[in-house]
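Asks: Dropping in entry_36.cif, with mmCIF, C-alpha atoms and all ligand atoms.
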```
data_final
#
loop_
_atom_site.label_atom_id
_atom_site.label_comp_id
_atom_site.auth_asym_id
_atom_site.auth_seq_id
_atom_site.Cartn_x
_atom_site.Cartn_y
_atom_site.Cartn_z
CA MET A 1492 84.25 76.75 96.43
CA SER A 1493 81.47 76.78 98.97
CA ARG A 1494 80.48 80.10 100.40
CA ASN A 1495 78.27 78.45 103.00
CA ARG A 1496 79.61 78.61 106.50
CA ILE A 1497 78.52 78.70 110.11
CA LEU A 1498 80.63 80.62 112.61
CA ARG A 1499 79.99 80.49 116.34
CA ALA A 1500 81.84 83.05 118.48
CA GLN A 1501 81.30 86.33 120.27
CA ILE A 1502 79.74 88.80 117.84
CA LEU A 1503 79.81 92.59 117.92
CA SER A 1504 78.44 95.00 115.34
CA CYS A 1505 76.98 98.45 114.99
CA THR A 1506 73.58 98.68 113.33
CA ALA A 1507 73.38 102.50 113.36
CA LYS A 1508 75.37 105.37 114.84
CA PRO A 1509 75.77 104.27 118.49
CA GLN A 1510 73.89 106.30 121.11
CA GLY A 1511 74.45 104.83 124.55
CA GLU A 1512 73.13 101.28 124.47
CA SER A 1513 71.42 101.59 121.10
CA GLY A 1514 72.85 101.31 117.59
CA TRP A 1515 74.93 98.20 118.29
CA PHE A 1516 74.65 94.66 119.61
CA TYR A 1517 76.91 92.15 121.32
CA LEU A 1518 76.34 88.41 121.58
CA SER A 1519 78.61 86.57 124.03
CA ASP A 1520 77.75 83.26 122.33
CA GLY A 1521 76.53 84.14 118.86
CA VAL A 1522 76.19 82.39 115.56
CA ILE A 1523 76.35 83.62 111.97
CA VAL A 1524 75.03 81.52 109.11
CA ILE A 1525 76.47 82.45 105.73
CA SER A 1526 74.68 81.22 102.62
CA ASP A 1527 76.36 81.81 99.29
CA GLY A 1528 78.42 84.63 100.77
CA ILE A 1529 75.46 86.44 102.35
CA ILE A 1530 74.54 86.51 106.04
CA SER A 1531 71.31 84.51 106.26
CA GLN A 1532 70.99 84.19 110.04
CA VAL A 1533 72.58 85.92 113.02
CA GLY A 1534 71.66 85.63 116.68
CA SER A 1535 72.47 83.90 119.91
CA PHE A 1536 73.46 80.26 119.56
CA THR A 1537 70.77 79.24 122.03
CA ASP A 1538 68.06 80.93 119.99
CA LEU A 1539 69.24 79.69 116.60
CA LYS A 1540 70.62 76.22 117.27
CA ALA A 1541 67.36 74.49 116.29
CA THR A 1542 67.14 76.29 112.94
CA ILE A 1543 70.72 76.41 111.65
CA PRO A 1544 71.41 74.10 108.68
CA ALA A 1545 72.43 70.65 109.91
CA ASP A 1546 74.61 69.85 106.89
CA ILE A 1547 77.17 72.63 107.47
CA PRO A 1548 79.77 72.16 110.23
CA VAL A 1549 79.75 74.76 113.01
CA GLU A 1550 83.18 76.38 113.35
CA HIS A 1551 83.41 77.33 117.01
CA PHE A 1552 85.75 80.04 118.38
CA PRO A 1553 84.52 80.74 121.92
CA ASP A 1554 87.40 83.09 122.81
CA GLN A 1555 87.22 85.09 119.62
CA LEU A 1556 85.20 88.07 118.50
CA ILE A 1557 83.56 88.50 115.10
CA ILE A 1558 83.15 92.07 113.88
CA PRO A 1559 82.36 93.58 110.48
CA GLY A 1560 85.22 94.08 108.01
CA MET A 1561 86.79 97.51 108.31
CA ILE A 1562 86.15 100.20 105.69
CA ASP A 1563 89.04 102.57 104.93
CA LEU A 1564 87.52 105.60 103.26
CA HIS A 1565 90.75 107.21 102.11
CA VAL A 1566 93.97 105.43 101.13
CA HIS A 1567 96.51 105.63 98.28
CA TYR A 1568 97.60 102.21 97.04
CA PRO A 1569 100.71 103.47 95.16
CA GLN A 1570 101.98 105.14 98.33
CA LEU A 1571 102.29 102.00 100.44
CA GLU A 1572 105.86 101.57 99.22
CA MET A 1573 106.83 105.07 100.44
CA ILE A 1574 105.09 104.94 103.83
CA GLY A 1575 107.08 106.58 106.61
CA ALA A 1576 109.15 108.95 104.44
CA HIS A 1577 110.83 111.37 106.80
CA GLY A 1578 110.22 114.89 107.61
CA GLU A 1579 108.13 117.23 105.50
CA GLN A 1580 104.74 118.87 105.56
CA LEU A 1581 102.21 118.22 102.82
CA LEU A 1582 103.42 120.24 99.81
CA ASP A 1583 107.11 119.37 100.16
CA TRP A 1584 106.25 115.76 100.95
CA LEU A 1585 104.25 115.53 97.70
CA ASN A 1586 107.07 116.95 95.60
CA ARG A 1587 109.87 115.09 97.27
CA TYR A 1588 108.42 111.61 97.75
CA THR A 1589 104.93 111.18 96.34
CA PHE A 1590 105.13 112.38 92.76
CA PRO A 1591 108.37 110.47 91.97
CA THR A 1592 106.81 107.30 93.41
CA GLU A 1593 103.57 107.67 91.49
CA LEU A 1594 105.52 108.05 88.24
CA LYS A 1595 106.41 104.36 88.46
CA TYR A 1596 102.75 103.35 88.13
CA ARG A 1597 102.66 104.20 84.44
CA ASP A 1598 104.14 100.71 84.04
CA LYS A 1599 101.28 98.24 84.12
CA THR A 1600 103.37 95.28 85.30
CA TYR A 1601 104.78 97.30 88.16
CA ALA A 1602 101.34 98.64 89.10
CA SER A 1603 99.84 95.13 89.07
CA GLU A 1604 102.52 93.77 91.40
CA LYS A 1605 101.98 96.63 93.82
CA ALA A 1606 98.17 96.40 93.64
CA GLU A 1607 98.33 92.70 94.58
CA TRP A 1608 100.69 93.46 97.42
CA PHE A 1609 98.55 96.33 98.67
CA LEU A 1610 95.40 94.19 98.73
CA GLU A 1611 97.19 91.37 100.57
CA GLN A 1612 98.35 93.82 103.20
CA LEU A 1613 94.94 95.47 103.45
CA LEU A 1614 93.14 92.16 104.01
CA LYS A 1615 95.73 91.12 106.55
CA GLN A 1616 94.90 94.27 108.51
CA GLY A 1617 91.18 93.46 108.36
CA THR A 1618 90.10 96.08 105.84
CA THR A 1619 87.62 94.61 103.38
CA THR A 1620 86.46 97.72 101.51
CA ALA A 1621 88.37 100.90 100.68
CA LEU A 1622 88.04 104.10 98.71
CA VAL A 1623 91.39 104.15 97.00
CA PHE A 1624 93.53 106.67 95.16
CA ALA A 1625 95.42 105.16 92.22
CA THR A 1626 97.59 107.53 90.13
CA SER A 1627 96.99 109.62 87.03
CA SER A 1628 97.81 106.66 84.76
CA SER A 1629 94.93 104.51 83.53
CA GLU A 1630 97.27 101.51 83.86
CA SER A 1631 97.41 102.03 87.62
CA VAL A 1632 93.61 101.97 87.76
CA ASP A 1633 93.21 98.89 85.57
CA ALA A 1634 95.85 97.12 87.67
CA PHE A 1635 93.98 97.83 90.87
CA TYR A 1636 90.58 96.83 89.50
CA GLU A 1637 91.93 93.60 88.04
CA ALA A 1638 93.45 92.62 91.38
CA ALA A 1639 90.31 93.55 93.35
CA TYR A 1640 87.99 91.84 90.86
CA ALA A 1641 89.99 88.61 91.00
CA ARG A 1642 89.52 88.58 94.79
CA ASN A 1643 85.84 89.50 94.55
CA LEU A 1644 86.36 92.57 96.74
CA ARG A 1645 84.04 95.52 97.19
CA MET A 1646 86.44 98.35 96.27
CA VAL A 1647 86.22 101.83 94.81
CA THR A 1648 89.01 103.61 92.95
CA GLY A 1649 89.50 105.96 90.01
CA LYS A 1650 92.02 107.73 87.84
CA VAL A 1651 93.67 110.70 89.54
CA LEU A 1652 93.00 113.92 87.63
CA MET A 1653 95.89 116.40 87.66
CA ASP A 1654 96.70 118.79 84.84
CA ARG A 1655 98.98 121.34 86.53
CA ASN A 1656 101.44 121.99 89.37
CA ALA A 1657 103.20 118.61 89.33
CA PRO A 1658 105.98 117.05 87.20
CA ASP A 1659 105.03 116.88 83.52
CA GLN A 1660 105.30 113.09 83.34
CA ILE A 1661 102.41 112.57 85.74
CA LEU A 1662 100.20 115.33 84.40
CA ASP A 1663 97.26 114.71 82.12
CA ASP A 1664 95.19 117.32 80.29
CA ALA A 1665 91.59 118.24 80.90
CA GLN A 1666 89.98 116.58 77.87
CA GLY A 1667 92.34 113.58 77.97
CA SER A 1668 91.52 113.01 81.64
CA TYR A 1669 87.80 113.18 80.88
CA ASP A 1670 88.12 110.64 78.05
CA ALA A 1671 90.32 108.29 80.11
CA SER A 1672 87.99 108.46 83.11
CA GLN A 1673 84.98 107.78 80.92
CA ALA A 1674 86.64 104.72 79.40
CA LEU A 1675 87.51 103.40 82.88
CA ILE A 1676 83.98 104.01 84.14
CA GLU A 1677 82.56 102.11 81.18
CA ARG A 1678 85.02 99.28 81.82
CA TRP A 1679 84.74 98.91 85.60
CA GLN A 1680 81.81 100.71 87.23
CA GLY A 1681 79.43 98.09 88.63
CA LYS A 1682 81.54 95.13 87.48
CA GLY A 1683 81.48 92.54 90.26
CA ARG A 1684 81.55 94.56 93.47
CA LEU A 1685 83.53 97.48 92.06
CA GLY A 1686 82.65 101.15 92.07
CA TYR A 1687 84.26 104.17 90.40
CA ALA A 1688 85.31 107.46 91.98
CA ILE A 1689 86.04 110.55 89.91
CA THR A 1690 89.25 111.64 91.60
CA PRO A 1691 90.72 115.12 91.14
CA ARG A 1692 93.87 114.96 93.30
CA PHE A 1693 93.12 118.31 94.98
CA ALA A 1694 92.19 121.75 93.72
CA PRO A 1695 95.81 122.99 93.24
CA THR A 1696 96.64 120.30 90.69
CA SER A 1697 93.57 120.85 88.50
CA THR A 1698 92.67 123.69 86.15
CA GLU A 1699 89.16 125.08 86.18
CA GLN A 1700 88.53 123.28 82.91
CA GLN A 1701 89.47 119.94 84.45
CA LEU A 1702 87.25 120.49 87.49
CA GLU A 1703 84.39 121.49 85.23
CA LEU A 1704 84.75 118.29 83.22
CA ALA A 1705 84.92 116.29 86.47
CA GLY A 1706 81.54 117.82 87.37
CA ASP A 1707 80.19 116.83 83.95
CA LEU A 1708 81.32 113.24 84.49
CA LEU A 1709 79.70 113.08 87.90
CA LYS A 1710 76.40 114.19 86.39
CA LYS A 1711 76.68 111.86 83.43
CA TYR A 1712 77.42 108.82 85.63
CA PRO A 1713 75.29 109.28 88.75
CA SER A 1714 76.41 106.05 90.41
CA THR A 1715 80.05 107.17 90.53
CA TYR A 1716 81.58 108.99 93.51
CA LEU A 1717 83.71 112.08 93.92
CA HIS A 1718 86.91 111.55 95.92
CA THR A 1719 89.47 114.25 96.66
CA HIS A 1720 91.42 116.12 99.36
CA LEU A 1721 90.16 119.24 101.12
CA ALA A 1722 91.60 121.73 103.62
CA GLU A 1723 94.31 119.47 104.98
CA ASN A 1724 97.16 121.91 105.52
CA ARG A 1725 97.34 125.68 106.07
CA ALA A 1726 99.83 126.37 103.23
CA GLU A 1727 97.66 124.30 100.91
CA CYS A 1728 94.59 126.38 101.85
CA GLU A 1729 96.46 129.62 101.17
CA TRP A 1730 97.63 128.30 97.82
CA VAL A 1731 94.05 127.44 96.85
CA SER A 1732 92.88 130.96 97.67
CA GLU A 1733 95.63 132.35 95.40
CA LEU A 1734 94.81 129.94 92.57
CA PHE A 1735 91.04 130.47 92.76
CA PRO A 1736 90.63 134.11 93.89
CA ALA A 1737 87.00 134.24 92.77
CA GLN A 1738 85.89 131.53 95.22
CA ARG A 1739 85.03 132.31 98.83
CA SER A 1740 86.67 129.17 100.21
CA TYR A 1741 88.41 125.92 99.31
CA LEU A 1742 85.12 124.03 99.50
CA ASP A 1743 83.53 126.60 97.21
CA VAL A 1744 86.05 125.74 94.49
CA TYR A 1745 84.67 122.20 94.42
CA ASP A 1746 81.11 123.38 94.90
CA HIS A 1747 81.37 125.80 91.99
CA PHE A 1748 81.99 122.84 89.69
CA GLY A 1749 79.19 120.67 91.09
CA LEU A 1750 81.53 118.39 93.02
CA VAL A 1751 79.91 118.62 96.47
CA THR A 1752 77.20 115.95 96.58
CA ASP A 1753 75.95 113.11 98.75
CA ARG A 1754 78.37 110.86 96.86
CA SER A 1755 81.42 113.07 97.57
CA VAL A 1756 84.14 112.08 100.02
CA PHE A 1757 86.64 114.74 101.06
CA ALA A 1758 89.75 113.59 102.87
CA HIS A 1759 90.85 115.68 105.89
CA GLY A 1760 88.63 118.80 106.08
CA ILE A 1761 90.54 120.12 109.08
CA HIS A 1762 90.52 123.83 108.22
CA LEU A 1763 86.90 124.58 107.29
CA ASP A 1764 84.63 127.35 108.50
CA LYS A 1765 81.00 127.32 109.59
CA GLN A 1766 79.69 128.20 106.14
CA ASP A 1767 81.63 125.35 104.54
CA LEU A 1768 80.29 122.88 107.08
CA GLU A 1769 76.72 124.11 106.63
CA ARG A 1770 77.08 123.64 102.90
CA MET A 1771 78.53 120.14 103.30
CA HIS A 1772 75.68 119.22 105.58
CA GLN A 1773 73.14 120.61 103.15
CA CYS A 1774 74.66 118.46 100.36
CA ASP A 1775 75.13 115.45 102.68
CA ALA A 1776 78.79 115.24 101.68
CA THR A 1777 81.31 113.25 103.73
CA ILE A 1778 84.57 114.18 105.42
CA CYS A 1779 87.05 111.37 105.88
CA HIS A 1780 89.11 111.93 109.03
CA CYS A 1781 92.69 110.65 108.65
CA PRO A 1782 94.32 111.10 112.06
CA SER A 1783 97.52 109.17 111.47
CA SER A 1784 98.30 111.25 108.39
CA ASN A 1785 97.37 114.51 110.11
CA LEU A 1786 99.83 113.74 112.91
CA PHE A 1787 102.57 112.51 110.58
CA LEU A 1788 102.48 115.56 108.27
CA GLY A 1789 101.71 117.96 111.13
CA SER A 1790 98.55 119.06 109.32
CA GLY A 1791 96.42 119.86 112.37
CA LEU A 1792 94.00 118.43 114.91
CA PHE A 1793 90.67 117.42 113.40
CA PRO A 1794 87.78 119.04 115.33
CA LEU A 1795 85.59 115.92 115.28
CA LYS A 1796 83.14 117.03 117.94
CA ALA A 1797 82.48 120.47 116.43
CA ILE A 1798 82.15 119.04 112.94
CA ARG A 1799 79.69 116.39 114.03
CA GLU A 1800 77.64 119.04 115.79
CA THR A 1801 77.04 120.57 112.37
CA GLY A 1802 75.60 117.25 111.20
CA VAL A 1803 78.30 116.60 108.58
CA ARG A 1804 79.03 112.92 107.95
CA VAL A 1805 82.44 111.77 109.17
CA THR A 1806 84.27 108.52 108.39
CA LEU A 1807 87.75 107.17 109.05
CA GLY A 1808 90.69 106.66 106.70
CA THR A 1809 94.33 105.69 106.96
CA ASP A 1810 95.60 107.95 104.14
CA VAL A 1811 98.62 105.71 103.64
CA GLY A 1812 101.36 106.74 102.68
CA ALA A 1813 101.00 109.96 104.70
CA GLY A 1814 99.24 107.78 107.26
CA THR A 1815 101.68 105.40 108.86
CA SER A 1816 99.58 102.25 109.17
CA LEU A 1817 97.01 100.36 107.11
CA SER A 1818 95.39 99.17 110.35
CA GLN A 1819 92.07 100.73 111.22
CA PHE A 1820 92.74 99.78 114.88
CA THR A 1821 95.87 101.94 114.86
CA THR A 1822 93.91 104.65 113.07
CA GLN A 1823 91.15 104.52 115.72
CA SER A 1824 93.83 104.79 118.37
CA ASP A 1825 95.27 107.88 116.66
CA ALA A 1826 91.76 109.34 116.33
CA TYR A 1827 91.25 108.83 120.05
CA LYS A 1828 94.52 110.61 120.87
CA VAL A 1829 93.75 113.51 118.52
CA GLN A 1830 90.49 114.02 120.41
CA GLN A 1831 92.26 113.73 123.78
CA LEU A 1832 94.49 116.64 122.78
CA GLN A 1833 91.36 118.73 122.26
CA GLY A 1834 89.60 117.80 125.50
CA ALA A 1835 87.13 115.51 123.75
CA SER A 1836 86.69 111.77 124.09
CA LEU A 1837 86.08 109.23 121.34
CA GLY A 1838 84.18 106.19 122.61
CA ALA A 1839 85.11 102.69 121.46
CA MET A 1840 81.70 101.93 119.98
CA ASP A 1841 81.74 105.21 118.10
CA ALA A 1842 85.22 104.41 116.78
CA LEU A 1843 83.92 101.02 115.58
CA TYR A 1844 81.08 102.81 113.81
CA LEU A 1845 83.49 105.26 112.14
CA ALA A 1846 85.62 102.40 110.83
CA THR A 1847 82.73 100.24 109.60
CA LEU A 1848 79.12 101.31 109.07
CA ALA A 1849 79.85 105.05 108.68
CA GLY A 1850 82.04 104.23 105.67
CA ALA A 1851 79.35 102.00 104.20
CA GLU A 1852 76.76 104.76 104.63
CA ALA A 1853 78.98 107.34 102.94
CA LEU A 1854 79.28 105.03 99.92
CA HIS A 1855 75.54 104.23 100.00
CA TYR A 1856 76.48 100.60 100.63
CA GLN A 1857 74.72 100.35 104.00
CA ASP A 1858 72.43 97.62 102.72
CA LYS A 1859 75.45 95.58 101.58
CA ILE A 1860 78.33 95.96 104.05
CA GLY A 1861 79.40 97.67 107.28
CA SER A 1862 77.53 95.56 109.83
CA ILE A 1863 76.62 92.00 110.70
CA GLU A 1864 72.97 91.80 109.75
CA VAL A 1865 70.83 89.42 107.73
CA GLY A 1866 71.03 90.10 104.00
CA LYS A 1867 74.47 91.70 104.11
CA GLU A 1868 77.59 90.44 102.37
CA ALA A 1869 79.71 88.38 104.77
CA ASP A 1870 82.84 90.54 104.73
CA ILE A 1871 83.75 89.98 108.36
CA LEU A 1872 86.70 89.59 110.71
CA ARG A 1873 87.52 87.03 113.34
CA ILE A 1874 89.51 88.72 116.08
CA ASN A 1875 91.85 86.89 118.43
CA LEU A 1876 91.78 88.78 121.72
CA ASN A 1877 94.75 86.68 122.89
CA ALA A 1878 96.91 87.56 119.89
CA THR A 1879 99.54 89.27 122.01
CA ALA A 1880 100.42 88.77 125.66
CA ILE A 1881 99.55 92.35 126.53
CA LEU A 1882 96.23 92.42 124.66
CA SER A 1883 95.34 89.09 126.25
CA GLU A 1884 96.14 90.20 129.78
CA ARG A 1885 94.39 93.53 129.29
CA THR A 1886 91.19 92.06 127.84
CA LYS A 1887 91.04 89.48 130.65
CA GLN A 1888 90.60 92.46 133.00
CA SER A 1889 87.75 93.90 130.90
CA GLU A 1890 84.53 94.71 132.64
CA SER A 1891 82.40 95.19 129.54
CA ILE A 1892 82.46 94.69 125.80
CA GLU A 1893 83.09 98.45 125.41
CA ASP A 1894 86.18 98.03 127.57
CA THR A 1895 87.36 95.06 125.49
CA LEU A 1896 86.75 96.96 122.27
CA PHE A 1897 88.64 99.95 123.57
CA SER A 1898 91.67 97.81 124.46
CA LEU A 1899 91.51 96.29 121.00
CA MET A 1900 91.55 99.67 119.28
CA ILE A 1901 94.41 100.95 121.42
CA LEU A 1902 96.54 97.78 121.49
CA GLY A 1903 95.38 95.84 118.44
CA ASP A 1904 96.91 95.54 114.99
CA ASP A 1905 97.09 92.91 112.26
CA ARG A 1906 98.18 90.27 114.77
CA ALA A 1907 94.71 90.43 116.29
CA VAL A 1908 93.04 89.74 112.94
CA ALA A 1909 92.87 85.94 112.98
CA GLU A 1910 90.91 85.76 109.73
CA THR A 1911 89.44 88.11 107.16
CA TYR A 1912 86.43 86.62 105.38
CA ILE A 1913 85.32 87.93 101.99
CA LEU A 1914 81.77 86.83 101.16
CA GLY A 1915 82.24 84.19 103.84
CA GLU A 1916 85.49 82.86 102.36
CA PRO A 1917 88.65 83.00 104.47
CA THR A 1918 91.40 84.90 102.70
CA ARG A 1919 93.86 82.39 104.18
CA LYS A 1920 96.02 84.66 106.18
CA SER A 1921 98.61 81.95 106.62
CA ALA A 1922 99.33 82.15 102.87
CA ILE A 1923 99.84 85.90 102.99
CA THR A 1924 103.43 87.10 102.92
CA GLU A 1925 104.53 89.12 105.91
N1 LIG A 2001 96.82 116.27 98.84
C1 LIG A 2001 97.04 116.08 97.51
N2 LIG A 2001 97.62 114.89 97.27
C2 LIG A 2001 97.78 114.30 98.46
C3 LIG A 2001 98.32 113.04 98.86
O1 LIG A 2001 98.77 112.23 98.06
N3 LIG A 2001 98.31 112.79 100.20
C4 LIG A 2001 97.79 113.66 101.11
N4 LIG A 2001 97.80 113.34 102.39
N5 LIG A 2001 97.29 114.84 100.75
C5 LIG A 2001 97.27 115.16 99.45
ZN ZN A 2002 95.30 111.31 100.75
#
```
Show this structure as C-alpha cells.
Replies:
Amino acid sequence: MSRNRILRAQILSCTAKPQGESGWFYLSDGVIVISDGIISQVGSFTDLKATIPADIPVEHFPDQLIIPGMIDLHVHYPQLEMIGAHGEQLLDWLNRYTFPTELKYRDKTYASEKAEWFLEQLLKQGTTTALVFATSSSESVDAFYEAAYARNLRMVTGKVLMDRNAPDQILDDAQGSYDASQALIERWQGKGRLGYAITPRFAPTSTEQQLELAGDLLKKYPSTYLHTHLAENRAECEWVSELFPAQRSYLDVYDHFGLVTDRSVFAHGIHLDKQDLERMHQCDATICHCPSSNLFLGSGLFPLKAIRETGVRVTLGTDVGAGTSLSQFTTQSDAYKVQQLQGASLGAMDALYLATLAGAEALHYQDKIGSIEVGKEADILRINLNATAILSERTKQSESIEDTLFSLMILGDDRAVAETYILGEPTRKSAITE
C-alpha cells in the first residue's frame, strides 16, 4: 500500500476562520503532493510542476474540486438505524425510539456490524473525522474503535454514562461507569489516530455522583475530551432545573463538576443565557450546532450570530439519528436555513469552516486535520461538481468560488463526493454498499 499520491484539481480550503478574502484559499489549477499519507506540497500546478516528484503519476481532475474531509462534531453511531423516526420531541423520542435501539448494542457482534456500516456511510458522505456517541455498553465502544482503527481513521468516541432516568437494562452505576471508562481509555486513547471522550449522556440521566466521577476522569486523563448534550429542548431544561435545584443553570450543573473545559463539546446549546455563554467563552468550551436535529425534533432555532458575538466556539454536527442526514452538505444547508429564519445569513466559506477546521480546532487537532496545508494528514475529498444535472447546471452559472461552494452546500450530498481519501488512500467508494 503506497500512501504517496499526486492530485491535480481545483483546491479549496480554509486556513483560519474566514474574514472576507482572508482565512481561505482557492487554486483553480492546484496540486497536492501526498507523501506517506501526509500533505508534503500544495500550491498552483504552474508553481510546483518543476518540484513535484517525477516517479509518482499525476492524477488529474480538472473539473473537480478538492476540499478537506468534513468533521462531524456530534453524531450517534447506534442511532443511524433509527434515523427518521416519526413525530416526537426530545424526551418522548428518547424513550420511544432511542433507548430501545441502544439496548441492542450490548451485543458485540451486532454493534460491530453496525459500526462498520456507520463508518462506510460516513466516509461515503465525505466525513473523515467525527466525535461519536456510542451507547452505555463497553462492547459498543470497543466495536466502534476496532472498526475505526482497522480503517486508520481519526475518530473520537466514548462510553455513554447514564445511571438514572432510563430503562434499567441500559443504565450503569456511578463507580461501574468510572471503572469501565477508565479501562476503555487505557485500551484506546491515543492508539492509532483514536481519541477518547468522557460522555455523560446529558445531566438528567446522571446522578451527581456520576458527574463528579466524570470530572475526576477528565482530570486524571487530560488528553481526553468531554462530550455531552446541553440546553437542547425547553422541557429538558426545566427538568434539569428540577433535578439540580442548587445550580443556577444547566451549564452550571456541568461546571460544578469540572466538566466545562477547552476540551468540552456540548451539542446544541440553544437555550443558554448571557452568563452561560460568558462562562463557556472563559473556559474556551465548544458548542456543536446541529441544525437538522433541531428542526426535526422542533428543539428551537440556534442563535448562531448572537452566540458567536460572545466569542464562544461553534462547530457543526449532524446529530444522527435526531438529525436526518449524515451529510455535512445537507447539514450546512439546514444551518443556512435556520439562520435565514432569524434574519441572519451564513456565508458559504463560513459554513465550510464550521464543517472542517472549526471541528479540528475544537478537538485541538488543527495541526493534523481540517485544512489542506503542508504537514497535515491527507484526509481529503474529491468533489464532482457535475454529479447531478442540477448541480452541474447551477455551478456552470457560478460567478465565483463562493457561489460554487454555496450551490454545493445547498444542492450537494453524497453523490457529489467522488472520493474520500484517508491519509491519501481512496476509500474506494465503488466498493461501498449503497
Ligand atoms: N439528549 C440526550 N440524549 C440525546 C440523544 O440521543 N439525542 C439528542 N438529540 N439529544 C439527546
Ligand atoms: Zn445527540
Asks: Just want the 8 Å neighbourhood of Met1646 of chain A, counted on all atoms listed in the file, with same-chain residues fewer than 6 positions away dropped. Output as an MDAnalysis selection string.
Replies: chainID A and resid 1620:1623 1639 1684:1686
Asks: Could you tell me which of A:Thr1690, A:Thr1537, A:Thr1542, A:Thr1822 comes closest to Phe1757 of chain A if we count all atoms listed in the file?
Replies: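 Between A:Thr1690, A:Thr1537, A:Thr1542, A:Thr1822, the residue approaching Phe1757 of chain A most closely is A:Thr1690.
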Asks: Hey, could you make a per-residue contact list for chain A against ligand ZN 2002 (chain A) with 8 Å as the cut-off, showing the nearest pair of atoms and its distance in Å to one decimal, counting only C-alpha atoms and all ligand atoms, sorted by chain and number, as CSV?
Replies:
```
residue,atom,partner,partner_atom,distance
A:His1565,CA,A:ZN2002,ZN,6.3
A:Val1566,CA,A:ZN2002,ZN,6.0
A:His1567,CA,A:ZN2002,ZN,6.3
A:Phe1624,CA,A:ZN2002,ZN,7.5
A:Thr1719,CA,A:ZN2002,ZN,7.7
A:His1720,CA,A:ZN2002,ZN,6.3
A:Ala1758,CA,A:ZN2002,ZN,6.4
A:Asp1810,CA,A:ZN2002,ZN,4.8
A:Val1811,CA,A:ZN2002,ZN,7.1
A:Gly1812,CA,A:ZN2002,ZN,7.8
A:Ala1813,CA,A:ZN2002,ZN,7.1
```
Asks: Mind checking which residues fall within 9 Å of Thr1696 of chain A, counting only C-alpha atoms, ignoring those fewer than 2 positions away in the same chain, and posting them as a ChimeraX atom specification?
Replies: /A:1652-1657,1662,1691-1694,1698
Asks: Write out the residues from the selection above, keeping C-alpha atoms, as a compact mmCIF listing (two decimals), keeping the file's coordinate frame.
Replies:
```
# COMPACT_ATOMS: atom_id res chain seq x y z
CA LEU A 1652 93.00 113.92 87.63
CA MET A 1653 95.89 116.40 87.66
CA ASP A 1654 96.70 118.79 84.84
CA ARG A 1655 98.98 121.34 86.53
CA ASN A 1656 101.44 121.99 89.37
CA ALA A 1657 103.20 118.61 89.33
CA LEU A 1662 100.20 115.33 84.40
CA PRO A 1691 90.72 115.12 91.14
CA ARG A 1692 93.87 114.96 93.30
CA PHE A 1693 93.12 118.31 94.98
CA ALA A 1694 92.19 121.75 93.72
CA THR A 1698 92.67 123.69 86.15
```
Asks: For a cutoff of 6 Å around the file-coordinate point (84.3, 82.7, 121.6), which residues qualify once you count all atoms listed in the file? I'd like the result as a list of chain:residue names.
Replies: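 Nearby residues: A:Ala1500, A:Gln1501, A:Phe1552, A:Pro1553, A:Asp1554, A:Gln1555.
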Asks: Those same residues - C-alpha atoms - I'd like them written as a JSON list (two decimals), in the frame of the given file.
Replies:
```
[["chain", "number", "residue", "atom", "x", "y", "z"],
["A", 1500, "ALA", "CA", 81.84, 83.05, 118.48],
["A", 1501, "GLN", "CA", 81.30, 86.33, 120.27],
["A", 1552, "PHE", "CA", 85.75, 80.04, 118.38],
["A", 1553, "PRO", "CA", 84.52, 80.74, 121.92],
["A", 1554, "ASP", "CA", 87.40, 83.09, 122.81],
["A", 1555, "GLN", "CA", 87.22, 85.09, 119.62]]
```
Asks: Point out the residue among A:Asp1663, A:Glu1727, A:Glu1852, A:Glu1916 with the least atom-to-atom distance to ligand LIG 2001 (chain A), counting all atoms listed in the file.
Replies: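 Closest to ligand LIG 2001 (chain A), using all atoms listed in the file: A:Glu1727.
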Asks: Of the candidates A:Gln1673, A:Ser1627, A:Thr1752, A:Ser1818, which one gets nearest to ligand LIG 2001 (chain A) if we count only C-alpha atoms and all ligand atoms?
Replies: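 Smallest separation from ligand LIG 2001 (chain A) among the options: A:Ser1627.
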Asks: Under the rule that all atoms listed in the file are counted, which of A:Leu1503, A:Val1756, A:Leu1763, A:Val1908 is the nearest residue to Pro1559 of chain A?
Replies: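 Between A:Leu1503, A:Val1756, A:Leu1763, A:Val1908, the residue approaching Pro1559 of chain A most closely is A:Leu1503.
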Asks: Neighbouring residues of Gly1560 of chain A were defined as those with any atom within 12 Å, considering all atoms listed in the file; residues of the same chain fewer than 4 positions away were excluded. Please report them as a PyMOL selection string.
Replies: chain A and resi 1503-1505+1613-1621+1644-1645+1818-1820+1843-1844+1846-1848+1850-1851+1859-1863+1867-1874+1908+1910-1915
Asks: From the list A:Glu1611, A:Arg1799, A:Gln1833, A:Ile1892, which residue is nearest Arg1919 of chain A when using only C-alpha atoms?
Replies: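 Using only C-alpha atoms, Arg1919 of chain A sits closest to A:Glu1611.
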Asks: Looking at all atoms listed in the file, which of A:Asn1495, A:Gln1700, A:Ser1513, A:Thr1589 is the one that sits closest to Val1549 of chain A?
Replies: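 Between A:Asn1495, A:Gln1700, A:Ser1513, A:Thr1589, the residue approaching Val1549 of chain A most closely is A:Asn1495.
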Asks: Give me, please, the distance in Å between atom CA of Ser1519 of chain A and atom CA of Asp1538 of chain A, quoted to one decimal.
Replies: 12.6 Å
Asks: Find the spatial neighbours of segment 1770-1773 of chain A, counting only C-alpha atoms, within a cut-off of 7 Å - ignore same-chain residues fewer than 3 positions away - and output them as a ChimeraX atom specification.
Replies: /A:1766-1767,1776,1802-1803
